[in-house]
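**Student:** One structure, pasted below without further comment.
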There are 4 protein chains.
Amino acid sequence: MQAAVISAEWAPRPDYPLSEEERRTRTARVGSSVWKHPQVAVQELPDPVCGPEDAVVRVAAAGLCGSDLHFFETDADGYMHYPGLARFPSVPGHEVAGEVAAVGERVQHLRRGDLVCLDDMVCCGACEACRRGFPNQCEHLEDVGFTMNGGCAELLRVPARNLWSINSLRARYGGKEQVLEAGAVIEPFTVAYNALFECAGRIKPGAFAAVYGAGAIGLAAVQLLRASGGAQIAVFEHHAQRRELALRFGAHHAFPANGAQPARAVLRELTGGAGADVQVEAAGAFRHTMPEMEAAAATGGQIIIIGRDRNPAAVQLEHLQVKKANIIAAMGNTGHGTYPNVIRMIAAGLLDPTPMITHRFALRDFAGALAQAQTRQGGKVLVKIG
Amino acid sequence: MQAAVISAEWAPRPDYPLSEEERRTRTARVGSSVWKHPQVAVQELPDPVCGPEDAVVRVAAAGLCGSDLHFFETDADGYMHYPGLARFPSVPGHEVAGEVAAVGERVQHLRRGDLVCLDDMVCCGACEACRRGFPNQCEHLEDVGFTMNGGCAELLRVPARNLWSINSLRARYGGKEQVLEAGAVIEPFTVAYNALFECAGRIKPGAFAAVYGAGAIGLAAVQLLRASGGAQIAVFEHHAQRRELALRFGAHHAFPANGAQPARAVLRELTGGAGADVQVEAAGAFRHTMPEMEAAAATGGQIIIIGRDRNPAAVQLEHLQVKKANIIAAMGNTGHGTYPNVIRMIAAGLLDPTPMITHRFALRDFAGALAQAQTRQGGKVLVKIG
Amino acid sequence: MQAAVISAEWAPRPDYPLSEEERRTRTARVGSSVWKHPQVAVQELPDPVCGPEDAVVRVAAAGLCGSDLHFFETDADGYMHYPGLARFPSVPGHEVAGEVAAVGERVQHLRRGDLVCLDDMVCCGACEACRRGFPNQCEHLEDVGFTMNGGCAELLRVPARNLWSINSLRARYGGKEQVLEAGAVIEPFTVAYNALFECAGRIKPGAFAAVYGAGAIGLAAVQLLRASGGAQIAVFEHHAQRRELALRFGAHHAFPANGAQPARAVLRELTGGAGADVQVEAAGAFRHTMPEMEAAAATGGQIIIIGRDRNPAAVQLEHLQVKKANIIAAMGNTGHGTYPNVIRMIAAGLLDPTPMITHRFALRDFAGALAQAQTRQGGKVLVKIG
Amino acid sequence: MQAAVISAEWAPRPDYPLSEEERRTRTARVGSSVWKHPQVAVQELPDPVCGPEDAVVRVAAAGLCGSDLHFFETDADGYMHYPGLARFPSVPGHEVAGEVAAVGERVQHLRRGDLVCLDDMVCCGACEACRRGFPNQCEHLEDVGFTMNGGCAELLRVPARNLWSINSLRARYGGKEQVLEAGAVIEPFTVAYNALFECAGRIKPGAFAAVYGAGAIGLAAVQLLRASGGAQIAVFEHHAQRRELALRFGAHHAFPANGAQPARAVLRELTGGAGADVQVEAAGAFRHTMPEMEAAAATGGQIIIIGRDRNPAAVQLEHLQVKKANIIAAMGNTGHGTYPNVIRMIAAGLLDPTPMITHRFALRDFAGALAQAQTRQGGKVLVKIG
């Protein structure tokens, strides 16, 4: 099969304490401390073999996201930016949809020909986090497109339980191609759904909401809030094009981030002084968003953190105490009915991820897809396959 | 002021154990055991006087509901059907909207000229239920239109905290008259909202739902489920006209109650075998609905009871156990942000109660309004005032 | 190894619609319609072989419970009472503790020599229920001691993720033997814990509680309620000996079931009229308990169903509506941190299951153990092994 | 009646923007910007008159707490430290118990002679926060002992709904005097209960817990956690005497705050690496506690903030995201069944606040009581009256 393959040079930084296991498995725990000079090439790989609990998918489309770019962006010394688990050579791609080409003998919920999207988080099911019902906190997590070969390839083998049927979207979108494009951008919706309805989970219809950042996850949060009864949804975002997209995804208002008026003032005015019941951090800029969120929170308000930012944020906890407001820290997207609920909502026309897609490239032009994504302008970039 | 006034004859049934307090206050605890030969006349009453924590409303419209009819329907001996607290003469009307004419000196959240709708449940705030956060279970509840004079009159005096501003609906509906018509039919939405989001409260977007009965509360439940992310909403209802209305209110499907196929079979098919995550009993026919609901419940399903039925229902609890399904028993509509959240949703265009209104009568033709409502055909009957 | 082995005669009833799969796998879906003339013998079986994700346990003790007895009790035609999945010959025993003898190569959380107890529910992890976070509703559930060889044997092989370390109980109980006896009776506590804190889950400290039935699960519920802040715990139970045990397990009061005063009257009096916030059905006698529970529920009360009873119960839902009371239907014991939380509570001295054990038999005298359990007098019967 | 009366000099700071309402009502919104040279004297005041919804209490005991001290502590310019609403002259005392001396004509739940404790938060019941079910966030809150005359007096008049019967404690404590001493220190327990079980509210029995700070509220949190199934409770506290008290109140371990080992290390070790499920900040030292709490949180952990600290805390939100941990900001103690549940738990022997009391003074020696409290050593100081 053809696949985009990332290769890199194993060159542990002198001061990096490489463990015995990292050495043995040639998997770096902190990719950016070990892997140098990353390259990508579309090349031939052997077709994957389907194990008894696996399925093999003929991939139709794979979306690129911010994490993918960090494999290719390097520092002055040539080390990749990607700070997580990484082993090379490997195939990227964790936002994936396609058609089931083969299923293992023990697989009961899928058949050949089913259209499916991928849940990229492969949990062990055996660690204490998994057994306690925290699959996103699995202690032995494998992640398709990160620690396992991903979907920027003609074929993808994964445990069958990581695939969800999207046959139900046929009636909504008509053509198979459109169904599979939608399927390839479901993942950011599951991230937002998990944060809003599993991690936070006491959002009432009629809520006033604010979303900071209108990248893929912010846009998904906007559409989910609109579809679940958000009565007033304001977005704060730097890029004009993304503000446009936010309005198209259902925001009632879109303002420049750090605009003339601070978000707290805007929100107080929009809500008649009540403040925002739900605030979603999808910008990864805690230093800027946290002071606004704590000031703009309504009585009983929830501040939901999805964006990532390694820097500490200064929080005035007393501002939250007087309002009985909480901070909900969210990560991941698997488990708890997240995928099937998002798929049902798309099938019902309550969500539509497809306007997020603004660019499409063939697999052989993976380099072009990457270049476009690296401009960090516009919406989602799809790699179309087959 | 002009008002519709119900009078009746104090005639305790010989076997009814009239209490000292009932005798003293001339208030029957069980109206149907005490009051005979009810009559209604539109007549002149003195204008109400506004106390320091009260407001007086110039009423624009009052809806009639099933409970109102029970005042006028009698048994063979001439006793009214209404089984609750009742004192006569009194003014009916608990679904009310109007314009604030006067506010008491201690009132801070309302001004003269505000458009308002009524929360009819006047809680004491002092009993243990109130102090524990269960206002709908107030031990000394007064109910406007039942134990206090209601809104089928030119003026209505109530505690100001029982009025909610609907000024925010002006931008949605334009004219004041339309805003106030909408305001007069908010009450059934608050009953459904309380049941779905306060009593049940863990409904996730993407849920499959069924609503049994498409009267005012059933219709409100349908619209609320649709607006909050219900992915598949099926209604079961006897009357064809109400099934039409259900579809207009957002149901995906409307089936005859007790039709050719039982609801459980219909729902299994519609949901691909998954069953219904949320089921709302708004029919008051537990004997017929309960067996369907327990059979059709999804894993983790919630069966929400709003309809009233004095008869016991046979429940196969084991069917619920294997599915981790619950029965949520709901009543009332006050507290917990229910009114303001419903009003926000109407202002946002997520809900629109007005298509429920099918008939309008002037106050002087209260008898005509009553006669229409008693046909129990069609939608909501409004008494328009002033 | 030595093991108690149940054998029976494959004799599908003429009217039983045996499926192709049942025929092929020789597993009956409804044991009582297929298996006749059950017998048990302690005999030699080959030692189990440990797979890569398995562990093998040297069993120390196995408790007998009601389900075990149904294998051996037969109807007039000689068919066993047990109505569930069953394949013979097989080894019973699902309440099990022992010492880890071997672990598979992929197992990370256990070591040889660890003391462990068994979670008997082997979920598939791949069906929709599992993936949605409902492991007790797994569509392909296997159950150790029912569909897989159980713990009435010297050795037990199970997936390692179904074993929980109880090393932490050493400091509490001292001797290894006592730790393992405690471990063998953890299972009923996990059933009660799952019902109270995962299925119901909004029990507040200071609650008034009632438990109907003081078998193993009822006793476990009593101790859990006491340890989690129950301020008044009343038990209703037929057998005097079990009422004694209930008091020893922390009940404030124990009354005969269906005694001189109905439970509702007893509870109203004990609670100063408030009623019971939490009621646990652990009797499997819904016809008797349901009317009491609905009458005795407090405002906001929860009625939690753990007992099993195939008969429908007549429920006055209106009684629940006026009190905002719910019915919570519970089953199972796996997932959601149930096992580790129960183990932590035992280690902390908050729970102590051991007083439940009243009889002990050697494996070679399995018949004697069975005979004692069948008297259905007294507490838990342990089969001690090795 | 005799009462401790605080007087002070009305001297708005030149730069303080005194509002018209503050001028008119002579109530400062920021006491520390307006009131100078506070003094206290025990003197004769007219007996309070009981309104129709009020009760008058013959006070037996009143506890002093940190807020009380801030009235008397002044800055270099003579302004009091107390930063909240304040009007003088007034009577302090918000931790109060006594015997009902008179009840208003509309009061139904109390009788003369009842022993009662005070809920000091007098909510308006009419603002949006109150009507939404957030009484602790009442927009027009009055607070007994702060904006209304408090309990350091022979008689106290309050709305009857702010009094809770503690007659049920007679069986526990025997003498009336002991009951009333217990009643006077219930308030800190209600603050901790509200934070743990209403604001946080998904604490499961078997949890590992840490409490930072062992003042009255920290001690109450410890006892509540122990009584509700906490399996491991560690306290971090500066003062040795308070660490002793923490152990007596049920902590399993008490460590010096900022000791040799940081709390995160201590907790990791105590919990076998799992971390703390529940962490309670009752120290008001966010800069020191927050880094420990975010590092020590278990998967799904809750960080509950009760202490007050005007300084921002630097929070590493990413540390919380990877663990699905939340920050719960809590304040207040009224509503939601908090008082009755705490009283039930004391009646059941699950809680006992009395060991917290270390000093007792007569009302006439209020100055002595104050001096002792200002040492900030030891436990609760009671003013005994009558």
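Residues are named by chain letter and number: chains run A, B, ... in the order of the structure tokens, numbers start at 1 in each chain, and ligands are numbered from 1 in the order shown.
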Compile the residues of chain A that lie within 8 Å of chain D, evaluated using only C-alpha atoms, and express the compilation as a VMD selection string.
**Tutor:** chain A and resid 129 134 137 199 299 to 300 305 to 306 308 to 318 320 to 331
**Student:** Compile the contact shell of segment 255-266 of chain C as a PDB file with N, CA and C atoms, in the first residue's frame: residues with an atom at most 6 Å away, counting only C-alpha atoms, same-chain residues fewer than 6 positions apart removed.
**Tutor:**
```pdb
ATOM      1  N   PHE C 236     -35.720  -4.233  57.395  1.00  0.00           N
ATOM      2  CA  PHE C 236     -36.914  -5.069  57.477  1.00  0.00           C
ATOM      3  C   PHE C 236     -36.556  -6.445  56.922  1.00  0.00           C
ATOM      4  N   GLU C 237     -36.711  -7.468  57.765  1.00  0.00           N
ATOM      5  CA  GLU C 237     -36.205  -8.802  57.392  1.00  0.00           C
ATOM      6  C   GLU C 237     -36.997  -9.871  58.162  1.00  0.00           C
ATOM      7  N   HIS C 238     -37.320 -10.967  57.459  1.00  0.00           N
ATOM      8  CA  HIS C 238     -38.095 -12.052  58.062  1.00  0.00           C
ATOM      9  C   HIS C 238     -37.354 -12.769  59.187  1.00  0.00           C
ATOM     10  N   GLU C 292     -44.697  -0.173  50.328  1.00  0.00           N
ATOM     11  CA  GLU C 292     -44.101   0.476  51.501  1.00  0.00           C
ATOM     12  C   GLU C 292     -43.103   1.543  51.055  1.00  0.00           C
ATOM     13  N   ALA C 295     -44.706   4.692  49.737  1.00  0.00           N
ATOM     14  CA  ALA C 295     -45.370   5.471  50.786  1.00  0.00           C
ATOM     15  C   ALA C 295     -44.362   6.103  51.747  1.00  0.00           C
ATOM     16  N   ALA C 296     -43.232   5.459  51.921  1.00  0.00           N
ATOM     17  CA  ALA C 296     -42.270   5.922  52.934  1.00  0.00           C
ATOM     18  C   ALA C 296     -41.203   6.846  52.376  1.00  0.00           C
TER      19      ALA C 296
END
```
**Student:** Among segment 75-244 of chain D, which residues does DSSP mark as strand (DSSP E) when it is run on the backbone? Keep the chain and numbering as in the structure and answer as number ranges by chain.
**Tutor:** D: 95-103, 115-118, 121-122, 142-143, 155-159, 163-165, 208-212, 232-236
**Student:** I want to know what sits within 8 Å of Leu350 of chain B, based on only C-alpha atoms, with residues of the same chain fewer than 5 positions away left out; could you give that as JSON, numbers by chain?
**Tutor:** {"A": [229, 231], "B": [227, 345]}
**Student:** So that I have them on file, write out the residues from the current selection with N, CA, C and O atoms, as a JSON list (two decimals), in the first residue's frame.
**Tutor:**
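Result file follows (selection_24.json):
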```json
[["chain", "number", "residue", "atom", "x", "y", "z"],
["A", 229, "GLY", "N", -28.99, 23.76, 22.87],
["A", 229, "GLY", "CA", -29.85, 24.73, 23.56],
["A", 229, "GLY", "C", -29.15, 25.96, 24.08],
["A", 229, "GLY", "O", -29.74, 26.71, 24.86],
["A", 231, "ALA", "N", -28.36, 29.59, 24.43],
["A", 231, "ALA", "CA", -29.25, 30.68, 24.05],
["A", 231, "ALA", "C", -28.49, 31.89, 23.55],
["A", 231, "ALA", "O", -29.07, 32.79, 22.95],
["B", 227, "ALA", "N", -34.71, 21.08, 20.76],
["B", 227, "ALA", "CA", -33.80, 22.22, 20.92],
["B", 227, "ALA", "C", -32.56, 21.88, 21.73],
["B", 227, "ALA", "O", -31.61, 22.65, 21.75],
["B", 345, "MET", "N", -34.59, 30.70, 25.99],
["B", 345, "MET", "CA", -34.67, 29.85, 24.80],
["B", 345, "MET", "C", -35.69, 30.39, 23.80],
["B", 345, "MET", "O", -35.50, 30.29, 22.59]]
```
**Student:** Name the residues of segment 85-277 of chain C that come out as alpha helix (DSSP H) in a backbone DSSP run; write them as a PyMOL selection string.
**Tutor:** chain C and resi 128-131+170-173+176-184+187-193+216-227+240-248+263-270
**Student:** Can you tell me which residues surround Gly51 of chain A at a distance of at most 10 Å, considering only C-alpha atoms, apart from same-chain residues fewer than 2 positions away, and format the answer as a tab-separated table (two decimals) with N, CA and C atoms, in the first residue's frame?
**Tutor:**
```tsv
chain	number	residue	atom	x	y	z
A	48	PRO	N	-1.21	-4.12	5.84
A	48	PRO	CA	-1.33	-4.63	7.21
A	48	PRO	C	-2.12	-5.93	7.25
A	49	VAL	N	-1.84	-6.74	8.26
A	49	VAL	CA	-2.53	-8.03	8.43
A	49	VAL	C	-3.55	-7.88	9.55
A	53	GLU	N	-9.20	-9.55	16.45
A	53	GLU	CA	-10.07	-8.51	17.00
A	53	GLU	C	-9.90	-7.19	16.27
A	54	ASP	N	-9.21	-7.23	15.12
A	54	ASP	CA	-8.94	-6.02	14.35
A	54	ASP	C	-9.92	-5.85	13.21
A	55	ALA	N	-9.84	-4.69	12.59
A	55	ALA	CA	-10.42	-4.49	11.27
A	55	ALA	C	-9.41	-3.73	10.44
A	56	VAL	N	-9.47	-3.93	9.12
A	56	VAL	CA	-8.64	-3.15	8.20
A	56	VAL	C	-9.58	-2.24	7.41
A	102	ALA	N	-11.75	-5.52	5.80
A	102	ALA	CA	-11.64	-6.85	6.38
A	102	ALA	C	-11.90	-6.75	7.88
A	103	VAL	N	-12.50	-7.79	8.45
A	103	VAL	CA	-12.70	-7.82	9.90
A	103	VAL	C	-12.17	-9.13	10.45
A	104	GLY	N	-11.62	-9.08	11.64
A	104	GLY	CA	-11.11	-10.28	12.30
A	104	GLY	C	-12.25	-11.20	12.72
A	105	GLU	N	-11.87	-12.43	13.06
A	105	GLU	CA	-12.90	-13.46	13.27
A	105	GLU	C	-13.73	-13.23	14.51
A	106	ARG	N	-13.22	-12.48	15.49
A	106	ARG	CA	-13.99	-12.28	16.71
A	106	ARG	C	-14.81	-10.98	16.69
A	107	VAL	N	-14.77	-10.28	15.58
A	107	VAL	CA	-15.44	-8.97	15.52
A	107	VAL	C	-16.91	-9.15	15.19
A	157	ARG	N	-4.94	-0.59	9.80
A	157	ARG	CA	-5.39	-1.67	10.69
A	157	ARG	C	-5.47	-1.14	12.12
A	158	VAL	N	-6.61	-1.35	12.75
A	158	VAL	CA	-6.79	-0.96	14.16
A	158	VAL	C	-7.68	-1.99	14.85
A	159	PRO	N	-7.70	-1.99	16.19
A	159	PRO	CA	-8.68	-2.83	16.88
A	159	PRO	C	-10.08	-2.42	16.41
A	160	ALA	N	-10.91	-3.38	16.11
A	160	ALA	CA	-12.23	-3.07	15.55
A	160	ALA	C	-13.04	-2.20	16.48
```
**Student:** Which residues are near Arg344 of chain C? Cut-off 12 Å, only C-alpha atoms, ignore same chain within fewer than 6 positions. Put them as a list in words.
**Tutor:** Trp164, Ser165, Ile166, Asn167, Ser168, Leu169, Arg170, Ala171, Arg172, Ile186, Thr190, Gly337, Thr338, Leu350, Leu351 and Asp352 of chain C; Lys204, Pro205, Gly206, Ala207, Phe208, Gly229, Gly230, Ala231, Gln232, Thr271, Gly272 and Ala274 of chain D
**Student:** If you count only C-alpha atoms, which residues fall within 12 Å of Met356 of chain C, apart from same-chain ones fewer than 6 positions away, as a PyMOL selection string?
**Tutor:** chain C and resi 63+181-182+184-186+188-189+214-220+223+241-242+244-246+248-249+378-382
**Student:** Which distance in Å separates atom CA of Gly31 of chain B and atom CA of Met80 of chain B, to one decimal?
**Tutor:**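 Here the two named atoms are 7.1 Å from each other.
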**Student:** For Val116 of chain D, work out the shell of residues within 7 Å, counting only C-alpha atoms and skipping chain neighbours fewer than 2 positions away, then give it as JSON, numbers by chain.
**Tutor:** {"D": [97, 98, 99, 100, 114, 118, 163, 164, 165, 166]}
**Student:** Let me see the file: selected residues, all heavy atoms, as a compact mmCIF listing (two decimals), in the first residue's frame.
**Tutor:**
```
# COMPACT_ATOMS: atom_id res chain seq x y z
N ALA D 97 -26.50 29.50 69.30
CA ALA D 97 -27.58 28.57 69.65
C ALA D 97 -28.29 29.09 70.90
O ALA D 97 -27.71 29.84 71.69
CB ALA D 97 -27.02 27.17 69.91
N GLY D 98 -29.52 28.68 71.04
CA GLY D 98 -30.30 29.13 72.19
C GLY D 98 -31.66 28.47 72.22
O GLY D 98 -31.89 27.45 71.55
N GLU D 99 -32.54 29.08 72.99
CA GLU D 99 -33.87 28.51 73.20
C GLU D 99 -34.90 29.50 72.68
O GLU D 99 -34.79 30.71 72.93
CB GLU D 99 -34.06 28.27 74.71
CG GLU D 99 -35.31 27.52 75.04
CD GLU D 99 -35.35 27.11 76.52
OE1 GLU D 99 -34.27 27.08 77.15
OE2 GLU D 99 -36.46 26.86 77.02
N VAL D 100 -35.87 29.01 71.97
CA VAL D 100 -36.87 29.92 71.39
C VAL D 100 -37.70 30.53 72.50
O VAL D 100 -38.29 29.82 73.33
CB VAL D 100 -37.78 29.16 70.39
CG1 VAL D 100 -38.91 30.07 69.91
CG2 VAL D 100 -36.96 28.66 69.21
N ASP D 114 -38.22 25.37 72.06
CA ASP D 114 -37.35 24.58 71.18
C ASP D 114 -35.90 25.06 71.31
O ASP D 114 -35.64 26.26 71.39
CB ASP D 114 -37.77 24.78 69.70
CG ASP D 114 -38.97 23.93 69.32
OD1 ASP D 114 -39.33 23.00 70.08
OD2 ASP D 114 -39.57 24.21 68.26
N LEU D 118 -28.58 28.71 64.68
CA LEU D 118 -28.83 29.76 63.70
C LEU D 118 -28.18 29.46 62.37
O LEU D 118 -27.02 29.06 62.32
CB LEU D 118 -28.24 31.08 64.23
CG LEU D 118 -28.22 32.28 63.27
CD1 LEU D 118 -29.64 32.80 63.03
CD2 LEU D 118 -27.33 33.39 63.81
N LEU D 163 -33.77 29.53 61.69
CA LEU D 163 -33.50 28.73 62.90
C LEU D 163 -33.81 27.27 62.62
O LEU D 163 -34.83 26.94 62.01
CB LEU D 163 -34.35 29.24 64.07
CG LEU D 163 -34.04 30.68 64.49
CD1 LEU D 163 -35.08 31.16 65.50
CD2 LEU D 163 -32.63 30.81 65.05
N TRP D 164 -32.97 26.39 63.10
CA TRP D 164 -33.16 24.95 62.94
C TRP D 164 -33.24 24.30 64.32
O TRP D 164 -32.36 24.52 65.15
CB TRP D 164 -32.00 24.35 62.14
CG TRP D 164 -31.99 24.77 60.71
CD1 TRP D 164 -31.32 25.84 60.20
CD2 TRP D 164 -32.68 24.15 59.62
NE1 TRP D 164 -31.56 25.92 58.84
CE2 TRP D 164 -32.38 24.91 58.47
CE3 TRP D 164 -33.53 23.04 59.51
CZ2 TRP D 164 -32.91 24.57 57.21
CZ3 TRP D 164 -34.03 22.71 58.27
CH2 TRP D 164 -33.73 23.47 57.13
N SER D 165 -34.23 23.48 64.50
CA SER D 165 -34.37 22.78 65.78
C SER D 165 -33.21 21.82 66.01
O SER D 165 -32.83 21.06 65.11
CB SER D 165 -35.68 21.99 65.80
OG SER D 165 -35.67 21.09 66.89
N ILE D 166 -32.65 21.87 67.21
CA ILE D 166 -31.65 20.87 67.59
C ILE D 166 -32.14 20.06 68.80
O ILE D 166 -31.33 19.48 69.53
CB ILE D 166 -30.26 21.52 67.86
CG1 ILE D 166 -30.38 22.66 68.88
CG2 ILE D 166 -29.63 22.01 66.58
CD1 ILE D 166 -29.02 23.24 69.30
```
